[in-house]
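Trainee: Could you have a look at this structure, given as structure tokens, before my questions?
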Amino acid sequence: MKSCAGRHRAAPSATGGLAWALALAVVLLALALTLPPPAAADPPRPRGKTGAAAGWEAIGLAGGGAMFAPAISPADPKLMMVNCDMSGAYISRDGGRTWRMIHHAQLQANTRCRPAFHPTDRKVVYAAGGGAGRLMVSRDTGETWQALGNLPDGLRGAIALDPERPDAMLAGVADAVWRSADAGRTWTRCDGPHGEAVGFAFGLLPGKGGARAAFAATADGVWRSTDGGATWTEKCRGLPERGLRSFAGGFPPQGKPGPGMLYCALPSRRVNGTFAGGVYASRDGGETWESAMGEGINREIARFDQWGMGDIAEYHHVLTTPARPLTVWAFNTNTGIPPPHHCAAYRSDDGGKNWRATFFPDPRWPGYNVEENYVTAGVHQAYQSVPNGVAICPSNPDLVLQLDEGNCHITADGGKTWFNGHCRAAAQKGFFSSTGLVVTTTWHHYVDPFEPARRYICYTDIGFARSLDAGASWHWWAEKEQAPWGNTCYELAFDPQVPGRIWGAFSNVHDIPNDNIISGRHNANGAGGVCVSADFGATWQRSNDGLPEAPCTSLVLDPTSPKGARTLYAGLFGRGLFVSTDDGKSWTERSRGLGGPANRRVCRVIRHADGTLFALVTALREGGRWVAEGPGLYRSKDKGNTWELIQRTQPLLWPRDFAVDPQDSRRILVGAVDADGKEQGGLWRTADGGASWARAARHGAGHFGAAFSPHRPGWIYATLNEGADGPALWLSRDGGATWAPFTELPFRNVQRVEFDPRDQGVVYVCTFGGSVWRGPAEP
């Protein structure tokens with residue numbers, strides 16, 4: 001940065017300064033009086049509240065994980081919100097083309113309650129905050145958020161504002177409905193509606209002088225109030241059953257002609273060999289309901305469950321708007337029946353009498369109308385799951401957004417075409433850039449040791465991606481490029497002399513060693529192994545002879561071993577450590593002394609430059625009981641032939657990762673989590689090879705690991721996920737004596753910190769559910 005010293009004027013004297021200031025004030029006042037008032041605009045983004053303002057940038061592939069609870073602003077259709085299941089909440093200001101993660105200190109995601117934008121003031125947004133579901137409000141277009149009102153925690157379904165009287169609000173909490181008449185400041189539980197809320201609506205009832213009504217729909221039925229929510233009447237006549245999955249209503253604004261419509265989605269059933277259930281509609285303010293499964297919508301019953309999604313279409317979401325109540329959208333499961341019935345999104349413009357299919361995401365079928373993304377470009381088909389969430393712009397029924405387990409699809413032309421909200425095609429075919437809607441878990445980010453413009457990311461659930469332009473765009477491995485175990489890539493090892501030669505640790509089991517696996521929520525048993533690439537990761541071949549079919553979680557190479565006969569060490573979850581001395585062609589177990597009889601859950605292996613090997617065994621729970629024998633950090637000084645536990649003086653039930661000082665293998669850091677009621681979480685360190693341990697930091701119950709800076713001696717980074725009290729990334733500049741948080745990093749589930757060999761001012765932060773973030777090396 002150039003010096004600004006030459007730009008400063010000499011300071012005026014005390015007396016001259018006063019005259020100068022008065023003269024300047026007069027000039028400025030006169031100028032202000034001649035200028036028009038400024039146009040309304042978004043406030044400047046304050047530092048510490050957004051990633052972009054703080055120099056943090058999300059890189060890698062976006063999407064790739066489950067997204068939920070979207071909303072679109074009626075006052076500004078370019079404003080959208082999305083939540084993911086990994087704690088991130090996102091906002092778009094350009095109609096879903098790009099997204100910004102809301103800083104975790106302001107708002108964390110809630111997947112069970114849809115946000116609500118104010119009908120006329122674009123700056124006001126209401127949302128459920130975090131897993132607790134606390135009502136939050138933003139009055140600056142999502143920049144900052146504050147808790148609001150006395151509504152109990154546990155928001156469910158939706159938050160809704162009366163478009164004609166926006167101070168009137170409804171919200172679902174647990175199995176009840178609550179109302180507010182003062183813009184959310186105070187709330188009262190409604191007497192009548194019960195069950196988990198699925199949606200709300202407001203509007204004038206049919207007939208001259210019709211009363212203004214509020215509608216509340218839960219899984220147990222539909223209720224109507226005509227006195228501001230003080231009393232409610234059930235309105236379910238004509239509905240064949242309860243179990244409502246979705247509800248939407250649209251009534252024309254006061255003074256405008258047209259019918260008001262209500263819609264709901266019910267479970268689908270076979271009745272005497274025919275379809276029953278699905279979408280129902282009411283044209284009389286809920287007095288009566290009738291089936292809206294008209295011509296053109298999927299009412300087929302498959303002869304068999306071809307795709308594992310059921311043999312009958314299940315309708316999970318309906319949408320409509322006050323702008324055009326007769327236009328209704330319905331979203332269903334895909335039964336695999338050939339077009340047009342494999343569509344998952346249908347539209348009707350006559351209240352459900354006639355429908356047309358609008359969404360064809362699979363390039364193998366006729367009518368393909370969805371922008372290509374990295375999956376369809378790679379495998380030439382679409383993995384379409386049940387939509388997790390849908391949203392429509394209340395002022396524009398042609399603008400619709402739908403979310404699933406990996407994709408965000410948006411139409412702005414009523415379903416004629418759909419574009420991706422989660423990725424954008426780059427100039428080079430098959431490569432894609434991030435839109436900021438990052439919901440993927442990452443384990444490592446690598447700069448290629450020979451060609452630094454090449455970058456690599458190891459992912460959960462989507463496996464592996466590579467970049468040729470220093471991370472500006474990314475290529476997800478295509479069908480013929482993938483490893484046999486394509487769910488997760490945990491680690492890479494590079495040949496130090498052969499450009500493009502890379503070994504990878506792959507697995508069909510994800511999230512090791514995080515809570516999904518340790519708690520038993522997800523299956524810990526599955527296949528995995530080692531693969532090798534000779535073309536910079538473009539293709540992979542199995543290199544697994546002698547390895548058991550188990551998740552390979554870590555892989556390191558001995559750079560002193562001969563070229564063409566490299567020695568590699570692989571950690572296999574539940575099976576211990578294996579070594580290859582022939583470039584990975586064959587493997588032999590070397591686990592003597594490693595872990596316990598029931599627990600050889602190796603999750604990380606490191607080889608120090610002095611030849612010392614380290615292996616970390618993580619937690620095991622059996623029947624809810626923590627198994628004490630096995631977990632901890634082990635060391636081998638004989639190339640893995642024998643192992644010794646070096647944490648006997650400080651046992652840890654749930655260690656997750658570790659780091660070894662590159663200059664001294666006696667200096668080690670281990671990240672751990674509270675377990676079995678014991679406060680073991682924190683970052684633990686030893687300076688004497690494990691003879692003694694002390695806790696270097698505890699910034700929450702869920703520390704993950706640490707990293708020693710290769711550029712600055714004494715600099716240590718500590719990371720947390722699934723249990724950070726606040727910031728999840730910390731820096732110590734004095735070897736762990738004191739710590740400073742990275743308060744401006746938007747995401748707070750951090751796993752690993754990695755470095756650019758050529759740029760000491762940058763770090764790459766791998767996260768549990770927020771992709772990779774590139775940012776400043778110090779707060």
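Letters for chains follow the order of the structure tokens (A, B, ...), residue numbers begin at 1 for each chain, and ligand numbers begin at 1 in the order shown.
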Taking the backbone alone, and naming residues the way the document does, which bits of range 405-578 of chain A are helix (DSSP H, G or I) by DSSP, as a CSV table (one decimal) with N, CA and C atoms, in the first residue's frame?
Mentor:
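Printed below is part07.csv as written:
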```csv
chain,number,residue,atom,x,y,z
A,515,ASP,N,-19.8,-36.1,15.2
A,515,ASP,CA,-20.8,-36.7,16.1
A,515,ASP,C,-21.8,-37.6,15.3
A,516,ASN,N,-22.0,-37.4,14.0
A,516,ASN,CA,-22.9,-38.3,13.3
A,516,ASN,C,-22.4,-39.7,13.4
A,517,ILE,N,-21.1,-39.9,13.4
A,517,ILE,CA,-20.5,-41.3,13.5
A,517,ILE,C,-20.3,-41.7,14.9
A,518,ILE,N,-19.8,-40.9,15.7
A,518,ILE,CA,-19.5,-41.3,17.1
A,518,ILE,C,-20.8,-41.6,17.9
```
Trainee: Quick one: residues within 8 Å of range 438-447 of chain A, only C-alpha atoms counted, chain neighbours fewer than 5 positions away excluded, as a PDB file with N, CA and C atoms, in the first residue's frame?
Mentor:
```pdb
ATOM      1  N   ALA A  58     -15.607 -17.546   0.380  1.00  0.00           N
ATOM      2  CA  ALA A  58     -15.884 -18.970   0.257  1.00  0.00           C
ATOM      3  C   ALA A  58     -15.473 -19.445  -1.128  1.00  0.00           C
ATOM      4  N   LEU A  61     -16.791 -25.808  -4.529  1.00  0.00           N
ATOM      5  CA  LEU A  61     -18.114 -26.047  -5.068  1.00  0.00           C
ATOM      6  C   LEU A  61     -19.170 -25.658  -4.047  1.00  0.00           C
ATOM      7  N   ALA A  62     -20.193 -24.970  -4.499  1.00  0.00           N
ATOM      8  CA  ALA A  62     -21.320 -24.654  -3.629  1.00  0.00           C
ATOM      9  C   ALA A  62     -22.392 -25.728  -3.800  1.00  0.00           C
ATOM     10  N   GLY A  63     -23.476 -25.616  -3.017  1.00  0.00           N
ATOM     11  CA  GLY A  63     -24.457 -26.687  -3.018  1.00  0.00           C
ATOM     12  C   GLY A  63     -23.823 -27.948  -2.451  1.00  0.00           C
ATOM     13  N   GLY A  64     -24.328 -29.095  -2.872  1.00  0.00           N
ATOM     14  CA  GLY A  64     -23.732 -30.349  -2.449  1.00  0.00           C
ATOM     15  C   GLY A  64     -24.178 -30.836  -1.094  1.00  0.00           C
ATOM     16  N   GLY A  65     -25.034 -30.073  -0.401  1.00  0.00           N
ATOM     17  CA  GLY A  65     -25.561 -30.462   0.907  1.00  0.00           C
ATOM     18  C   GLY A  65     -27.006 -30.044   1.017  1.00  0.00           C
ATOM     19  N   ALA A  66     -27.660 -30.489   2.079  1.00  0.00           N
ATOM     20  CA  ALA A  66     -29.091 -30.271   2.224  1.00  0.00           C
ATOM     21  C   ALA A  66     -29.408 -28.823   2.561  1.00  0.00           C
ATOM     22  N   MET A  67     -30.408 -28.267   1.877  1.00  0.00           N
ATOM     23  CA  MET A  67     -30.874 -26.897   2.080  1.00  0.00           C
ATOM     24  C   MET A  67     -32.378 -26.908   2.344  1.00  0.00           C
ATOM     25  N   CYS A  84     -29.403 -23.948   5.729  1.00  0.00           N
ATOM     26  CA  CYS A  84     -28.875 -25.295   5.522  1.00  0.00           C
ATOM     27  C   CYS A  84     -28.819 -26.017   6.861  1.00  0.00           C
ATOM     28  N   MET A  86     -26.302 -27.325   8.289  1.00  0.00           N
ATOM     29  CA  MET A  86     -24.974 -27.292   8.899  1.00  0.00           C
ATOM     30  C   MET A  86     -24.713 -25.950   9.584  1.00  0.00           C
ATOM     31  N   GLY A  88     -25.499 -22.795   8.584  1.00  0.00           N
ATOM     32  CA  GLY A  88     -25.394 -21.589   7.779  1.00  0.00           C
ATOM     33  C   GLY A  88     -26.751 -21.078   7.300  1.00  0.00           C
ATOM     34  N   HIS A 422     -26.890 -22.471  -6.895  1.00  0.00           N
ATOM     35  CA  HIS A 422     -25.752 -22.965  -6.126  1.00  0.00           C
ATOM     36  C   HIS A 422     -24.460 -23.076  -6.926  1.00  0.00           C
ATOM     37  N   PRO A 452       1.280 -24.569  -8.964  1.00  0.00           N
ATOM     38  CA  PRO A 452       0.465 -23.964  -7.894  1.00  0.00           C
ATOM     39  C   PRO A 452      -0.909 -23.477  -8.335  1.00  0.00           C
ATOM     40  N   ALA A 453      -1.153 -23.317  -9.635  1.00  0.00           N
ATOM     41  CA  ALA A 453      -2.501 -22.948 -10.062  1.00  0.00           C
ATOM     42  C   ALA A 453      -3.476 -24.105  -9.906  1.00  0.00           C
ATOM     43  N   ARG A 454      -2.933 -25.298  -9.789  1.00  0.00           N
ATOM     44  CA  ARG A 454      -3.788 -26.456  -9.538  1.00  0.00           C
ATOM     45  C   ARG A 454      -4.101 -26.542  -8.045  1.00  0.00           C
ATOM     46  N   ARG A 455      -5.386 -26.705  -7.741  1.00  0.00           N
ATOM     47  CA  ARG A 455      -5.807 -26.827  -6.352  1.00  0.00           C
ATOM     48  C   ARG A 455      -6.729 -28.045  -6.237  1.00  0.00           C
ATOM     49  N   TYR A 456      -6.828 -28.572  -5.026  1.00  0.00           N
ATOM     50  CA  TYR A 456      -7.634 -29.763  -4.780  1.00  0.00           C
ATOM     51  C   TYR A 456      -8.389 -29.593  -3.460  1.00  0.00           C
ATOM     52  N   ILE A 457      -9.631 -30.104  -3.410  1.00  0.00           N
ATOM     53  CA  ILE A 457     -10.415 -30.106  -2.182  1.00  0.00           C
ATOM     54  C   ILE A 457     -10.953 -31.504  -1.940  1.00  0.00           C
ATOM     55  N   CYS A 458     -10.793 -31.980  -0.701  1.00  0.00           N
ATOM     56  CA  CYS A 458     -11.354 -33.252  -0.260  1.00  0.00           C
ATOM     57  C   CYS A 458     -12.697 -32.977   0.420  1.00  0.00           C
ATOM     58  N   TYR A 459     -13.740 -33.622  -0.071  1.00  0.00           N
ATOM     59  CA  TYR A 459     -15.108 -33.341   0.374  1.00  0.00           C
ATOM     60  C   TYR A 459     -15.759 -34.545   1.046  1.00  0.00           C
ATOM     61  N   THR A 460     -16.718 -34.254   1.903  1.00  0.00           N
ATOM     62  CA  THR A 460     -17.724 -35.226   2.322  1.00  0.00           C
ATOM     63  C   THR A 460     -18.889 -35.170   1.348  1.00  0.00           C
ATOM     64  N   ASP A 461     -19.457 -36.307   1.047  1.00  0.00           N
ATOM     65  CA  ASP A 461     -20.680 -36.488   0.258  1.00  0.00           C
ATOM     66  C   ASP A 461     -20.513 -36.234  -1.238  1.00  0.00           C
ATOM     67  N   CYS A 489     -13.657 -38.050   0.179  1.00  0.00           N
ATOM     68  CA  CYS A 489     -12.198 -38.079   0.062  1.00  0.00           C
ATOM     69  C   CYS A 489     -11.650 -37.419   1.321  1.00  0.00           C
ATOM     70  N   TYR A 490     -10.903 -38.162   2.119  1.00  0.00           N
ATOM     71  CA  TYR A 490     -10.419 -37.637   3.398  1.00  0.00           C
ATOM     72  C   TYR A 490      -9.043 -36.983   3.305  1.00  0.00           C
ATOM     73  N   GLU A 491      -8.163 -37.474   2.432  1.00  0.00           N
ATOM     74  CA  GLU A 491      -6.800 -36.928   2.423  1.00  0.00           C
ATOM     75  C   GLU A 491      -6.098 -37.317   1.131  1.00  0.00           C
ATOM     76  N   GLN A 751     -12.790 -27.110  10.824  1.00  0.00           N
ATOM     77  CA  GLN A 751     -12.068 -28.358  11.033  1.00  0.00           C
ATOM     78  C   GLN A 751     -10.552 -28.164  10.932  1.00  0.00           C
ATOM     79  N   ARG A 752     -10.081 -27.706   9.789  1.00  0.00           N
ATOM     80  CA  ARG A 752      -8.631 -27.621   9.609  1.00  0.00           C
ATOM     81  C   ARG A 752      -8.242 -26.299   8.975  1.00  0.00           C
ATOM     82  N   GLU A 754      -5.191 -24.639   6.575  1.00  0.00           N
ATOM     83  CA  GLU A 754      -4.104 -25.043   5.688  1.00  0.00           C
ATOM     84  C   GLU A 754      -3.518 -23.800   5.029  1.00  0.00           C
ATOM     85  N   ASP A 756      -0.836 -21.701   2.087  1.00  0.00           N
ATOM     86  CA  ASP A 756      -0.291 -21.555   0.741  1.00  0.00           C
ATOM     87  C   ASP A 756       1.219 -21.400   0.878  1.00  0.00           C
ATOM     88  N   PRO A 757       2.000 -22.317   0.323  1.00  0.00           N
ATOM     89  CA  PRO A 757       3.456 -22.220   0.486  1.00  0.00           C
ATOM     90  C   PRO A 757       4.039 -20.911  -0.031  1.00  0.00           C
ATOM     91  N   TYR A 764      -6.298 -21.133   4.426  1.00  0.00           N
ATOM     92  CA  TYR A 764      -7.477 -21.806   3.890  1.00  0.00           C
ATOM     93  C   TYR A 764      -8.117 -22.587   5.027  1.00  0.00           C
ATOM     94  N   CYS A 766     -10.883 -25.179   6.258  1.00  0.00           N
ATOM     95  CA  CYS A 766     -11.803 -26.255   5.885  1.00  0.00           C
ATOM     96  C   CYS A 766     -12.847 -26.408   6.980  1.00  0.00           C
ATOM     97  N   THR A 767     -14.101 -26.546   6.593  1.00  0.00           N
ATOM     98  CA  THR A 767     -15.193 -26.469   7.557  1.00  0.00           C
ATOM     99  C   THR A 767     -16.089 -27.692   7.514  1.00  0.00           C
ATOM    100  N   PHE A 768     -16.870 -27.832   8.558  1.00  0.00           N
ATOM    101  CA  PHE A 768     -17.877 -28.874   8.648  1.00  0.00           C
ATOM    102  C   PHE A 768     -19.211 -28.288   8.196  1.00  0.00           C
ATOM    103  N   GLY A 769     -19.394 -28.224   6.865  1.00  0.00           N
ATOM    104  CA  GLY A 769     -20.652 -27.760   6.305  1.00  0.00           C
ATOM    105  C   GLY A 769     -20.652 -26.389   5.690  1.00  0.00           C
ATOM    106  N   GLY A 770     -19.488 -25.750   5.546  1.00  0.00           N
ATOM    107  CA  GLY A 770     -19.432 -24.423   4.948  1.00  0.00           C
ATOM    108  C   GLY A 770     -18.345 -24.276   3.902  1.00  0.00           C
ATOM    109  N   SER A 771     -17.914 -25.370   3.279  1.00  0.00           N
ATOM    110  CA  SER A 771     -16.903 -25.399   2.238  1.00  0.00           C
ATOM    111  C   SER A 771     -15.544 -24.930   2.767  1.00  0.00           C
ATOM    112  N   VAL A 772     -14.752 -24.310   1.901  1.00  0.00           N
ATOM    113  CA  VAL A 772     -13.433 -23.774   2.251  1.00  0.00           C
ATOM    114  C   VAL A 772     -13.504 -22.254   2.193  1.00  0.00           C
TER     115      VAL A 772
END
```
Trainee: Give me, as a tab-separated table, the closest atom pair and its distance (Å, one decimal) for every residue of range 664-762 of chain A within a cut-off of 12 Å of range 108-123 of chain A, counting only C-alpha atoms, rows sorted by chain and rising number.
Mentor:
```
residue	atom	partner	partner_atom	distance
A:Gly726	CA	A:Gln108	CA	11.6
A:Pro746	CA	A:Gln108	CA	10.0
A:Phe747	CA	A:Gln108	CA	9.1
A:Arg748	CA	A:Gln108	CA	9.6
A:Asn749	CA	A:Gln108	CA	11.5
```
Trainee: Quick one, how far is CA of Gly421 in chain A from CA of Thr539 in chain A?
Mentor: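 A separation of 28.1 Å between them.
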Trainee: Quick one: residues within 7 Å of range 314-330 of chain A, only C-alpha atoms, excluding same-chain residues fewer than 3 positions away - as an NGL selection string?
Mentor: :A and (245-253 or 260-261 or 263-268 or 278 or 333 or 345-352 or 392 or 394-397)
Trainee: Neighbours of Trp684 in chain A within 12 Å (only C-alpha atoms; same-chain residues fewer than 4 positions away dropped), as a PyMOL selection string?
Mentor: chain A and resi 632-633+647+649-652+655-660+667-673+680+690+692-698+703-706+718+736
Trainee: Restricting it to C-alpha atoms, dump the selection as a compact mmCIF listing (two decimals), in the first residue's frame.
Mentor:
```txt
# COMPACT_ATOMS: atom_id res chain seq x y z
CA GLY A 632 -5.82 -41.50 22.09
CA LEU A 633 -2.64 -40.53 20.30
CA GLN A 647 -1.55 -39.93 26.32
CA THR A 649 -1.20 -39.16 31.67
CA GLN A 650 -4.13 -37.40 30.01
CA PRO A 651 -6.70 -39.90 28.68
CA LEU A 652 -9.19 -38.53 26.16
CA PRO A 655 -9.94 -36.90 20.37
CA ARG A 656 -10.60 -35.71 16.81
CA ASP A 657 -7.42 -34.37 15.26
CA PHE A 658 -3.85 -33.43 16.08
CA ALA A 659 -0.82 -31.55 14.81
CA VAL A 660 2.93 -32.04 15.28
CA ARG A 667 5.65 -30.73 20.52
CA ILE A 668 2.13 -31.97 19.76
CA LEU A 669 -1.40 -30.55 19.90
CA VAL A 670 -4.56 -32.68 20.18
CA GLY A 671 -8.13 -31.42 19.80
CA ALA A 672 -10.82 -33.14 21.87
CA VAL A 673 -14.52 -33.00 22.73
CA GLN A 680 -12.21 -33.07 28.23
CA GLY A 690 3.58 -37.05 25.71
CA SER A 692 2.99 -34.56 30.34
CA TRP A 693 -0.01 -32.73 28.92
CA ALA A 694 -1.69 -29.40 29.63
CA ARG A 695 -4.76 -27.78 28.15
CA ALA A 696 -3.62 -24.93 25.90
CA ALA A 697 -7.11 -23.63 25.12
CA ARG A 698 -10.79 -24.24 25.69
CA HIS A 703 -12.52 -28.51 19.73
CA PHE A 704 -11.49 -30.24 16.52
CA GLY A 705 -7.77 -29.71 15.97
CA ALA A 706 -4.88 -27.34 15.42
CA ALA A 718 -7.02 -23.81 16.98
CA GLY A 736 -0.41 -21.17 22.85
```
Trainee: Find the residues near Lys585 in chain A: any atom within 8 Å, counting only C-alpha atoms, skip ones fewer than 2 places away on the same chain, and give them as JSON, numbers by chain.
Mentor: {"A": [543, 544, 545, 580, 582, 583, 587]}
Trainee: Let's have the selection written as a PDB file, in the first residue's frame, with all heavy atoms.
Mentor:
```pdb
ATOM      1  N   SER A 543      -6.052 -48.782  -5.701  1.00  0.00           N
ATOM      2  CA  SER A 543      -4.703 -49.214  -5.308  1.00  0.00           C
ATOM      3  C   SER A 543      -4.813 -49.822  -3.909  1.00  0.00           C
ATOM      4  O   SER A 543      -4.308 -49.283  -2.937  1.00  0.00           O
ATOM      5  CB  SER A 543      -3.735 -48.024  -5.318  1.00  0.00           C
ATOM      6  OG  SER A 543      -2.425 -48.434  -5.053  1.00  0.00           O
ATOM      7  N   ASN A 544      -5.458 -50.973  -3.847  1.00  0.00           N
ATOM      8  CA  ASN A 544      -6.033 -51.432  -2.589  1.00  0.00           C
ATOM      9  C   ASN A 544      -5.681 -52.866  -2.218  1.00  0.00           C
ATOM     10  O   ASN A 544      -6.251 -53.408  -1.274  1.00  0.00           O
ATOM     11  CB  ASN A 544      -7.564 -51.324  -2.694  1.00  0.00           C
ATOM     12  CG  ASN A 544      -8.193 -50.811  -1.440  1.00  0.00           C
ATOM     13  OD1 ASN A 544      -7.731 -49.817  -0.895  1.00  0.00           O
ATOM     14  ND2 ASN A 544      -9.251 -51.467  -0.984  1.00  0.00           N
ATOM     15  N   ASP A 545      -4.793 -53.496  -2.920  1.00  0.00           N
ATOM     16  CA  ASP A 545      -4.510 -54.910  -2.689  1.00  0.00           C
ATOM     17  C   ASP A 545      -3.978 -55.125  -1.268  1.00  0.00           C
ATOM     18  O   ASP A 545      -2.960 -54.549  -0.884  1.00  0.00           O
ATOM     19  CB  ASP A 545      -3.490 -55.407  -3.717  1.00  0.00           C
ATOM     20  CG  ASP A 545      -3.287 -56.913  -3.638  1.00  0.00           C
ATOM     21  OD1 ASP A 545      -4.201 -57.597  -3.151  1.00  0.00           O
ATOM     22  OD2 ASP A 545      -2.209 -57.392  -4.030  1.00  0.00           O
ATOM     23  N   SER A 580       2.356 -49.648   2.745  1.00  0.00           N
ATOM     24  CA  SER A 580       2.748 -50.136   1.430  1.00  0.00           C
ATOM     25  C   SER A 580       4.159 -49.664   1.146  1.00  0.00           C
ATOM     26  O   SER A 580       4.503 -48.513   1.413  1.00  0.00           O
ATOM     27  CB  SER A 580       1.806 -49.603   0.345  1.00  0.00           C
ATOM     28  OG  SER A 580       2.305 -49.920  -0.947  1.00  0.00           O
ATOM     29  N   ASP A 582       5.512 -50.386  -2.013  1.00  0.00           N
ATOM     30  CA  ASP A 582       5.639 -50.536  -3.466  1.00  0.00           C
ATOM     31  C   ASP A 582       4.718 -49.586  -4.215  1.00  0.00           C
ATOM     32  O   ASP A 582       4.031 -49.964  -5.143  1.00  0.00           O
ATOM     33  CB  ASP A 582       5.393 -51.986  -3.875  1.00  0.00           C
ATOM     34  CG  ASP A 582       4.015 -52.497  -3.448  1.00  0.00           C
ATOM     35  OD1 ASP A 582       3.227 -51.686  -2.898  1.00  0.00           O
ATOM     36  OD2 ASP A 582       3.726 -53.684  -3.647  1.00  0.00           O
ATOM     37  N   ASP A 583       4.696 -48.323  -3.769  1.00  0.00           N
ATOM     38  CA  ASP A 583       3.890 -47.300  -4.445  1.00  0.00           C
ATOM     39  C   ASP A 583       2.391 -47.517  -4.277  1.00  0.00           C
ATOM     40  O   ASP A 583       1.602 -47.052  -5.090  1.00  0.00           O
ATOM     41  CB  ASP A 583       4.229 -47.238  -5.939  1.00  0.00           C
ATOM     42  CG  ASP A 583       5.010 -45.980  -6.307  1.00  0.00           C
ATOM     43  OD1 ASP A 583       5.672 -45.427  -5.410  1.00  0.00           O
ATOM     44  OD2 ASP A 583       4.957 -45.550  -7.472  1.00  0.00           O
ATOM     45  N   TRP A 587      -0.517 -53.860   0.355  1.00  0.00           N
ATOM     46  CA  TRP A 587      -0.542 -53.298   1.700  1.00  0.00           C
ATOM     47  C   TRP A 587      -0.452 -54.401   2.744  1.00  0.00           C
ATOM     48  O   TRP A 587      -0.952 -55.515   2.541  1.00  0.00           O
ATOM     49  CB  TRP A 587      -1.836 -52.506   1.917  1.00  0.00           C
ATOM     50  CG  TRP A 587      -1.967 -51.320   1.010  1.00  0.00           C
ATOM     51  CD1 TRP A 587      -2.423 -51.327  -0.275  1.00  0.00           C
ATOM     52  CD2 TRP A 587      -1.626 -49.977   1.310  1.00  0.00           C
ATOM     53  NE1 TRP A 587      -2.390 -50.065  -0.798  1.00  0.00           N
ATOM     54  CE2 TRP A 587      -1.907 -49.204   0.156  1.00  0.00           C
ATOM     55  CE3 TRP A 587      -1.121 -49.336   2.433  1.00  0.00           C
ATOM     56  CZ2 TRP A 587      -1.695 -47.836   0.100  1.00  0.00           C
ATOM     57  CZ3 TRP A 587      -0.907 -47.973   2.394  1.00  0.00           C
ATOM     58  CH2 TRP A 587      -1.192 -47.230   1.238  1.00  0.00           C
TER      59      TRP A 587
END
```
Trainee: What is the distance between CA of Thr560 in chain A and CA of Asp759 in chain A, in Å to one decimal?
Mentor: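 Interatomic distance, CA of Thr560 in chain A to CA of Asp759 in chain A: 26.3 Å.
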Trainee: Neighbouring residues of Pro361 in chain A were defined as those with any atom within 7 Å, considering only C-alpha atoms; residues of the same chain fewer than 4 positions away were excluded. Please report them as a compact mmCIF listing (two decimals) with C-alpha atoms, in the first residue's frame.
Mentor:
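In the end it all went to result00.txt:
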```
# COMPACT_ATOMS: atom_id res chain seq x y z
CA TYR A 368 -34.64 -31.00 -20.16
CA ASN A 369 -35.00 -27.37 -19.03
CA VAL A 370 -32.61 -26.95 -16.11
CA ALA A 382 -29.75 -35.79 -12.24
```
Trainee: Could you check which of A:Arg712, A:Gly96, A:Asp153, A:Val498 is closest to Trp418 in chain A, using only C-alpha atoms?
Mentor: A:Gly96
Trainee: Would you pick out the contacts of Val137 in chain A at 10 Å or less, using only C-alpha atoms, so that residues sharing its chain but fewer than 3 positions from it are not included, and give the list as a PyMOL selection string?
Mentor: chain A and resi 107+115-117+124-129+134+140-142+144-149+184
